[in-house]
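The structure under discussion appears below in the form of structure tokens.
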Amino acid sequence: MLAPGLYHILFISTALFFIGVYGFFTRRNLITILMSVELILNSVNLNFIAFNKYLWPDKLDGLFFTIFIIAIAAAEAAVAIAIIINLYRSHHSIDVENAEEMKY
Amino acid sequence: MSGSTIVFFMLATLTLISAVLAVTTRQIFRAAIFLLFSLIGIAGLYFWMQYEFIAAVQIVVYVGGITVLIIFSIFLTQQAGEKMPKQQIGRQMFSALAAFCGFALIMLQLYKHSFTATTEPAIEPTVVNIGNQMLGVEQGGYALPFEVVSILLLAALIGCIVIAASPNPSNGGALEKPQILKK
């Protein structure tokens, strides 16, 4: 078997991305949708690090993008959970089917 | 097969299997725990690629921060041990098909494409190099994005407090005690 390299890591990150997409399509609970989004963001981070390591090891730009994505993902998760808790207060449920006032 | 290869495939298996379980299990608390293992597997992959700083950041922010936040919000909004309702089989089939088609498309493109690596000498991703470039203001420095992200985090902090506090202007904008929910 070949030694693991760039293509193996790209395979993992692609698989992780589409696992996240599958969860995003099927889940109906807001917290589990948020978990799927975290998986998608992590696959992007893995891609940035792999490209930085195997294709452009003379620069650190992929690493900085990863750091900023992690910071923005943390802010996004905090705001999303604040919204979810507020929604639970007003609707007593966090299913997407019950939060449809702004749908039409 | 060398030890490094074995470690890589173990980490990859851990990451992918726990990610699949995190999006398919019907108990939400278990989903959070599987997500935790998946994030740990990704941190292990960063260690395997010898990007130790990013791996440490991943463990501190994702494993230590976001997962704990998600578990807290599960306890605040969910009845413990309750299973989520079953999904319609048609929707599951459609989603799996869409995800698999996207995956196949990307993998086809990926194996047709050949990447060319640079031949410049490599920079070690040590904390000294990262710190010097992150706070540098010369060509290639990341001081401006760093400040912008600081402002964003401050805005998110204030926004969370404003959103999660229930609005009650009668007591002068002071934070209200959480109301007891009707069952």
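Here, A, B, ... name the chains of the structure tokens in the order displayed, residue numbers run from 1 inside each chain, and ligands are numbered from 1 in the same displayed order.
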
Pick out the chain A residues within 7 Å of chain B. Count only C-alpha atoms. Give them as a CSV table (one decimal) with N, CA and C atoms, in the first residue's frame.
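Heads up, here's the output in iface-v2.csv:
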chain,number,residue,atom,x,y,z
A,3,ALA,N,2.4,5.0,0.6
A,3,ALA,CA,2.5,5.8,1.8
A,3,ALA,C,1.5,6.9,1.7
A,4,PRO,N,0.8,7.3,2.8
A,4,PRO,CA,-0.2,8.3,2.8
A,4,PRO,C,0.4,9.7,2.4
A,12,ILE,N,-10.0,12.1,2.7
A,12,ILE,CA,-10.6,12.2,4.0
A,12,ILE,C,-11.4,13.4,4.1
A,14,THR,N,-12.7,15.3,1.7
A,14,THR,CA,-13.9,15.2,0.9
A,14,THR,C,-15.0,14.4,1.5
A,15,ALA,N,-14.6,13.2,2.0
A,15,ALA,CA,-15.6,12.4,2.7
A,15,ALA,C,-16.3,13.1,3.9
A,16,LEU,N,-15.4,13.7,4.7
A,16,LEU,CA,-15.9,14.5,5.8
A,16,LEU,C,-16.9,15.6,5.4
A,18,PHE,N,-18.8,15.6,2.7
A,18,PHE,CA,-20.1,15.1,2.3
A,18,PHE,C,-20.9,14.4,3.4
A,19,ILE,N,-20.2,13.9,4.4
A,19,ILE,CA,-20.9,13.4,5.6
A,19,ILE,C,-21.6,14.6,6.3
A,21,VAL,N,-22.6,17.3,4.8
A,21,VAL,CA,-23.7,17.7,3.9
A,21,VAL,C,-24.9,16.7,4.1
A,22,TYR,N,-24.6,15.4,4.2
A,22,TYR,CA,-25.7,14.5,4.4
A,22,TYR,C,-26.4,14.8,5.7
A,23,GLY,N,-25.7,15.1,6.8
A,23,GLY,CA,-26.3,15.4,8.1
A,23,GLY,C,-27.1,16.7,8.0
A,25,PHE,N,-28.7,17.8,5.4
A,25,PHE,CA,-29.9,17.5,4.7
A,25,PHE,C,-30.9,16.7,5.5
A,26,THR,N,-30.4,15.7,6.3
A,26,THR,CA,-31.4,14.8,6.9
A,26,THR,C,-31.9,15.3,8.3
A,36,SER,N,-23.3,19.3,12.0
A,36,SER,CA,-22.9,19.0,10.6
A,36,SER,C,-22.1,20.2,10.1
A,54,TYR,N,1.9,19.9,1.7
A,54,TYR,CA,2.4,19.1,0.6
A,54,TYR,C,2.7,20.0,-0.6
A,55,LEU,N,2.1,21.1,-0.8
A,55,LEU,CA,2.3,21.8,-2.0
A,55,LEU,C,3.1,23.1,-1.8
A,56,TRP,N,2.8,23.9,-0.8
A,56,TRP,CA,3.6,25.1,-0.5
A,56,TRP,C,4.2,25.2,0.8
A,57,PRO,N,5.1,24.3,1.1
A,57,PRO,CA,5.7,24.3,2.5
A,57,PRO,C,6.6,25.5,2.7
A,58,ASP,N,6.8,26.3,1.7
A,58,ASP,CA,7.7,27.5,1.9
A,58,ASP,C,6.9,28.7,2.4
A,59,LYS,N,5.6,28.5,2.5
A,59,LYS,CA,4.7,29.6,3.1
A,59,LYS,C,3.9,29.1,4.2
A,74,ALA,N,-15.7,29.4,16.0
A,74,ALA,CA,-16.1,29.5,17.4
A,74,ALA,C,-17.1,30.6,17.6
A,75,ALA,N,-16.9,31.8,17.0
A,75,ALA,CA,-17.9,32.8,17.1
A,75,ALA,C,-19.2,32.4,16.6
A,77,ALA,N,-20.5,29.4,16.3
A,77,ALA,CA,-21.1,28.4,17.1
A,77,ALA,C,-21.7,29.1,18.3
A,78,ALA,N,-21.0,30.1,18.9
A,78,ALA,CA,-21.6,30.7,20.1
A,78,ALA,C,-22.9,31.5,19.7
A,79,VAL,N,-22.8,32.2,18.6
A,79,VAL,CA,-24.0,33.0,18.2
A,79,VAL,C,-25.2,32.1,17.9
A,81,ILE,N,-25.8,29.1,19.0
A,81,ILE,CA,-26.4,28.5,20.2
A,81,ILE,C,-27.2,29.5,21.0
A,82,ALA,N,-26.7,30.8,21.0
A,82,ALA,CA,-27.5,31.8,21.6
A,82,ALA,C,-28.9,31.9,20.9
A,83,ILE,N,-28.9,31.9,19.6
A,83,ILE,CA,-30.2,31.9,18.9
A,83,ILE,C,-31.0,30.7,19.2
A,85,ILE,N,-31.1,28.8,21.9
A,85,ILE,CA,-31.7,28.9,23.2
A,85,ILE,C,-32.8,29.9,23.3
A,86,ASN,N,-32.6,31.0,22.5
A,86,ASN,CA,-33.7,32.0,22.5
A,86,ASN,C,-34.9,31.4,21.8
A,88,TYR,N,-35.8,28.3,21.7
A,88,TYR,CA,-36.4,27.3,22.6
A,88,TYR,C,-37.2,28.0,23.6

Helix (DSSP H, G or I) call set, DSSP backbone run, chain B, as a ChimeraX atom specification: /B:3-24,28-48,52-77,89-112,127-134,143-164,169-171

CA of Leu6 (chain A) and CA of Asn47 (chain A), how far apart in Å?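 Distance reported for this atom pair: 9.2 Å.
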
Smallest atom-to-atom distance to Ile94 (chain A): which of B:Thr126, B:Gln79, B:Gln109, B:Gln139, using only C-alpha atoms?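 Of all the options, B:Gln79 lies closest to Ile94 (chain A).
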
Measure the distance from CA of Phe11 (chain A) to CA of Ala80 (chain A) in Å and round it to one decimal.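 Result for CA of Phe11 (chain A) versus CA of Ala80 (chain A): 29.2 Å, one decimal.
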